[in-house]
$ cat data.tsv   # TSV, C-alpha atoms and all ligand atoms
chain	number	residue	atom	x	y	z
E	23	MET	CA	112.06	97.85	81.40
E	24	ASP	CA	112.32	94.07	81.01
E	25	TRP	CA	110.88	93.24	84.44
E	26	ILE	CA	111.03	89.49	83.94
E	27	ASN	CA	114.80	89.51	83.48
E	28	TYR	CA	115.21	92.16	86.14
E	29	TYR	CA	113.56	90.01	88.80
E	30	LYS	CA	115.19	86.83	87.50
E	31	HIS	CA	118.50	88.49	88.27
E	32	ILE	CA	117.30	89.69	91.70
E	33	TYR	CA	115.93	86.25	92.64
E	34	ASN	CA	119.21	84.58	91.64
E	35	LYS	CA	121.03	86.96	93.94
E	36	ILE	CA	118.78	86.73	96.97
E	37	SER	CA	117.40	83.21	97.05
E	38	PRO	CA	120.57	81.72	98.62
E	39	LEU	CA	120.52	84.33	101.42
E	40	THR	CA	119.41	83.39	104.94
E	41	PRO	CA	119.11	85.55	108.08
E	42	LEU	CA	120.93	83.02	110.29
E	43	TYR	CA	123.68	80.49	109.68
E	44	PHE	CA	121.05	77.75	109.97
E	45	ASP	CA	117.43	77.41	108.87
E	46	CYS	CA	115.52	79.75	111.20
E	47	GLY	CA	112.32	77.82	110.39
E	48	GLU	CA	113.57	75.17	112.82
E	49	LEU	CA	113.12	77.70	115.65
E	50	CYS	CA	109.47	78.36	115.11
E	51	ASN	CA	108.16	75.62	112.83
E	52	GLN	CA	108.15	78.12	109.96
E	53	LYS	CA	105.73	80.50	111.59
E	54	CYS	CA	105.87	83.05	108.77
E	55	CYS	CA	104.84	80.39	106.23
E	56	GLN	CA	102.02	79.21	108.48
E	57	ASP	CA	100.80	82.83	108.65
E	58	ASN	CA	100.72	83.08	104.85
E	59	GLY	CA	96.95	83.64	104.85
E	60	LYS	CA	97.76	87.28	105.57
E	61	GLY	CA	99.47	87.55	102.18
E	62	MET	CA	102.84	88.86	101.08
E	63	ILE	CA	103.14	92.25	99.41
E	64	LEU	CA	105.01	92.06	96.12
E	65	PHE	CA	107.43	94.63	94.75
E	66	PRO	CA	106.36	96.60	91.66
E	67	HIS	CA	106.20	94.24	88.64
E	68	GLU	CA	107.48	91.29	90.67
E	69	LYS	CA	104.39	89.35	89.64
E	70	GLU	CA	105.51	89.47	86.01
E	71	TYR	CA	108.47	87.26	86.85
E	72	LEU	CA	106.49	85.06	89.26
E	73	ASN	CA	103.92	84.43	86.53
E	74	THR	CA	106.64	82.81	84.40
E	75	LEU	CA	107.37	80.25	87.15
E	76	SER	CA	105.55	77.08	87.94
E	77	THR	CA	104.00	77.80	91.36
E	78	ASP	CA	100.63	77.48	93.05
E	79	PHE	CA	100.66	81.08	94.26
E	80	THR	CA	97.58	83.26	93.94
E	81	ILE	CA	98.33	86.89	93.16
E	82	VAL	CA	95.73	89.56	93.84
E	83	GLU	CA	96.31	92.82	91.99
E	84	ASN	CA	95.66	96.17	93.58
E	85	ASN	CA	96.22	99.79	92.54
E	86	ASP	CA	99.00	100.31	95.10
E	87	PHE	CA	100.59	96.86	95.20
E	88	ASP	CA	100.01	93.20	94.42
E	89	THR	CA	99.56	90.61	97.16
E	90	LEU	CA	100.63	86.98	96.96
E	91	PHE	CA	98.88	84.17	98.80
E	92	CYS	CA	100.43	80.74	99.07
E	93	THR	CA	99.66	77.31	100.47
E	94	GLY	CA	102.35	77.57	103.16
E	95	VAL	CA	104.87	75.54	101.15
E	96	CYS	CA	106.99	76.61	98.17
E	97	GLN	CA	110.26	76.02	96.37
E	98	ARG	CA	113.14	77.96	97.86
E	99	GLU	CA	114.04	79.62	94.55
E	100	THR	CA	110.50	80.88	93.96
E	101	ARG	CA	110.09	82.64	97.31
E	102	PRO	CA	108.97	86.24	96.79
E	103	ILE	CA	111.38	88.98	97.91
E	104	ALA	CA	109.21	89.75	100.95
E	105	CYS	CA	109.75	86.19	102.23
E	106	VAL	CA	113.49	86.00	101.52
E	107	ILE	CA	114.28	89.24	103.34
E	108	TYR	CA	111.91	88.68	106.30
E	109	PRO	CA	112.26	89.62	109.16
E	110	LEU	CA	114.21	92.55	107.71
E	111	PHE	CA	112.82	95.28	105.51
E	112	PRO	CA	114.47	98.11	103.52
E	113	TYR	CA	113.20	101.24	105.25
E	114	LEU	CA	113.51	104.21	102.90
E	115	TYR	CA	113.11	107.52	104.69
E	116	GLU	CA	111.82	110.82	103.37
E	117	ASP	CA	115.38	112.16	103.02
E	118	GLY	CA	116.29	109.19	100.81
E	119	ARG	CA	118.22	107.34	103.51
E	120	LEU	CA	118.06	103.57	103.26
E	121	ASP	CA	118.25	101.35	106.32
E	122	ILE	CA	117.83	97.59	106.51
E	123	ARG	CA	115.89	97.15	109.72
E	124	ILE	CA	113.92	94.54	111.56
E	125	ASP	CA	110.35	94.55	110.28
E	126	ILE	CA	107.85	95.68	112.90
E	127	ARG	CA	105.39	93.12	111.53
E	128	GLY	CA	107.60	90.42	113.03
E	129	LYS	CA	106.86	91.57	116.55
E	130	ASN	CA	105.03	88.87	118.51
E	131	SER	CA	105.53	86.29	115.78
E	132	CYS	CA	109.12	85.98	114.55
E	133	PRO	CA	111.73	84.85	117.11
E	134	LEU	CA	114.39	86.83	115.23
E	135	TYR	CA	112.64	90.06	116.17
E	136	TYR	CA	114.17	89.59	119.61
E	137	ASP	CA	117.84	89.38	118.78
E	138	ASP	CA	119.10	89.72	122.35
E	139	PHE	CA	120.10	86.03	122.23
E	140	GLU	CA	123.50	85.72	120.63
E	141	GLU	CA	122.47	82.56	118.73
E	142	LEU	CA	119.61	84.50	117.15
E	143	SER	CA	121.72	87.42	115.94
E	144	LEU	CA	121.18	88.04	112.28
E	145	GLN	CA	124.15	87.40	110.02
E	146	PRO	CA	125.81	90.79	109.41
E	147	LEU	CA	126.44	89.69	105.83
E	148	PHE	CA	122.71	89.13	105.29
E	149	ARG	CA	121.99	92.75	106.20
E	150	LEU	CA	124.91	94.05	104.17
E	151	LYS	CA	123.96	92.11	101.05
E	152	LEU	CA	120.39	93.39	101.31
E	153	PHE	CA	121.65	96.94	101.68
E	154	VAL	CA	123.76	96.67	98.52
E	155	LEU	CA	120.87	95.09	96.64
E	156	PHE	CA	118.26	97.66	97.64
E	157	GLU	CA	120.63	100.55	97.08
E	158	GLU	CA	120.68	99.38	93.48
E	159	MET	CA	116.93	98.68	93.30
E	160	ILE	CA	115.83	102.11	94.57
E	161	LYS	CA	117.38	103.68	91.47
E	162	ASP	CA	114.14	102.62	89.82
E	163	LYS	CA	111.45	105.26	90.38
E	164	GLU	CA	108.59	102.81	90.95
E	165	ILE	CA	110.55	100.78	93.49
E	166	PHE	CA	111.65	103.97	95.24
E	167	LYS	CA	108.03	105.15	95.49
E	168	PHE	CA	106.87	101.72	96.69
E	169	LEU	CA	109.49	101.57	99.46
E	170	ARG	CA	108.69	105.10	100.56
E	171	MET	CA	105.02	104.17	100.86
E	172	MET	CA	105.78	100.92	102.71
E	173	THR	CA	108.21	102.67	105.06
E	174	ASP	CA	105.61	105.26	106.03
E	175	GLU	CA	103.12	102.45	106.71
E	176	LEU	CA	105.62	100.53	108.84
E	177	LEU	CA	106.55	103.66	110.78
E	178	THR	CA	102.87	104.25	111.49
E	179	ILE	CA	102.48	100.66	112.73
E	180	GLU	CA	105.57	101.18	114.93
E	181	LYS	CA	104.00	104.27	116.48
E	182	LEU	CA	100.68	102.54	117.08
E	183	THR	CA	102.22	99.44	118.65
E	184	LYS	CA	104.68	101.14	121.00
Y	201	LIG	S1	111.80	84.45	109.53
Y	201	LIG	FE1	111.12	84.32	111.67
Y	201	LIG	S2	109.02	83.47	111.60
Y	201	LIG	FE2	110.02	83.06	109.63
Y	201	LIG	S3	110.92	81.01	109.80
Y	201	LIG	FE3	112.53	82.49	110.36
Y	201	LIG	S4	112.35	82.69	112.58
Y	201	LIG	FE4	110.46	81.75	111.89
Y	202	LIG	S1	105.62	82.06	99.64
Y	202	LIG	FE1	106.88	80.38	100.39
Y	202	LIG	S2	108.31	81.33	101.81
Y	202	LIG	FE2	106.66	82.78	101.50
Y	202	LIG	S3	105.18	82.40	103.16
Y	202	LIG	FE3	104.55	81.15	101.39
Y	202	LIG	S4	105.52	79.17	101.69
Y	202	LIG	FE4	106.58	80.64	103.02

$ encode --input "data.tsv" --output "structure tokens"
Amino acid sequence: MDWINYYKHIYNKISPLTPLYFDCGELCNQKCCQDNGKGMILFPHEKEYLNTLSTDFTIVENNDFDTLFCTGVCQRETRPIACVIYPLFPYLYEDGRLDIRIDIRGKNSCPLYYDDFEELSLQPLFRLKLFVLFEEMIKDKEIFKFLRMMTDELLTIEKLTK
């Protein structure tokens, strides 16, 4: 698999996407970027594409997944997938069902987690475009396995934080 071109294609598709019709960073002074010390989990082989870009990211490799640390500022087109799709995440259940859901990790930090205000409702097209994208991406075995593992972790966090 040519992962560099694969992710180049994915980044071109997703970097223009935004959860709201305006920059949600204005709501919270870019809280998720300020929290970047926690690190962003990268998709399988995503680092191979990121390593071809000019960024000041630090990527820490791990057996299960790679983690990216940043300075809290980056170019829009170099944002990792985890940042572009936040606060949504592609939950992939045991039976293979895919659902683009609000990420439990946004609880207590991302204003979009609480979408009971009409102005904060996520763009339906944002969710739909992510669904189409991830439906395609899970055809790859490594990405499928990664999303299954992440989904189980997120479901565990959900249970523990109820
Ligand atoms: S995704 Fe959430 S935390 Fe991040 S900038 Fe938008 S509203 Fe703020
Ligand atoms: S990589 Fe960019 S978008 Fe993601 S948290 Fe860091 S500064 Fe924000």

$ atom_distance --input "data.tsv" --atom1 "CA of Asp162 in chain E" --atom2 "CA of Leu75 in chain E"
23.5 Å

$ residues_around --input "data.tsv" --residues "Leu120 in chain E" --least-positions-apart "5" --cutoff "9 Å" --atoms "all atoms listed in the file" --output "MDAnalysis selection string"
chainID E and resid 112:115 153 156:157

$ residues_near_ligand --input "data.tsv" --ligand "ligand LIG 202 (chain Y)" --cutoff "6 Å" --atoms "only C-alpha atoms and all ligand atoms" --output "PyMOL selection string"
chain E and resi 54-55+58+92+94-96+101+105

$ residues_near_ligand --input "data.tsv" --ligand "ligand LIG 201 (chain Y)" --cutoff "8 Å" --atoms "all atoms listed in the file" --output "number ranges by chain"
E: 41, 45-55, 105, 108-109, 128, 131-135

$ atom_distance --input "data.tsv" --atom1 "CA of Ser37 in chain E" --atom2 "CA of Phe79 in chain E"
17.1 Å

$ atom_distance --input "data.tsv" --atom1 "CA of Leu152 in chain E" --atom2 "CA of Lys181 in chain E"
24.8 Å
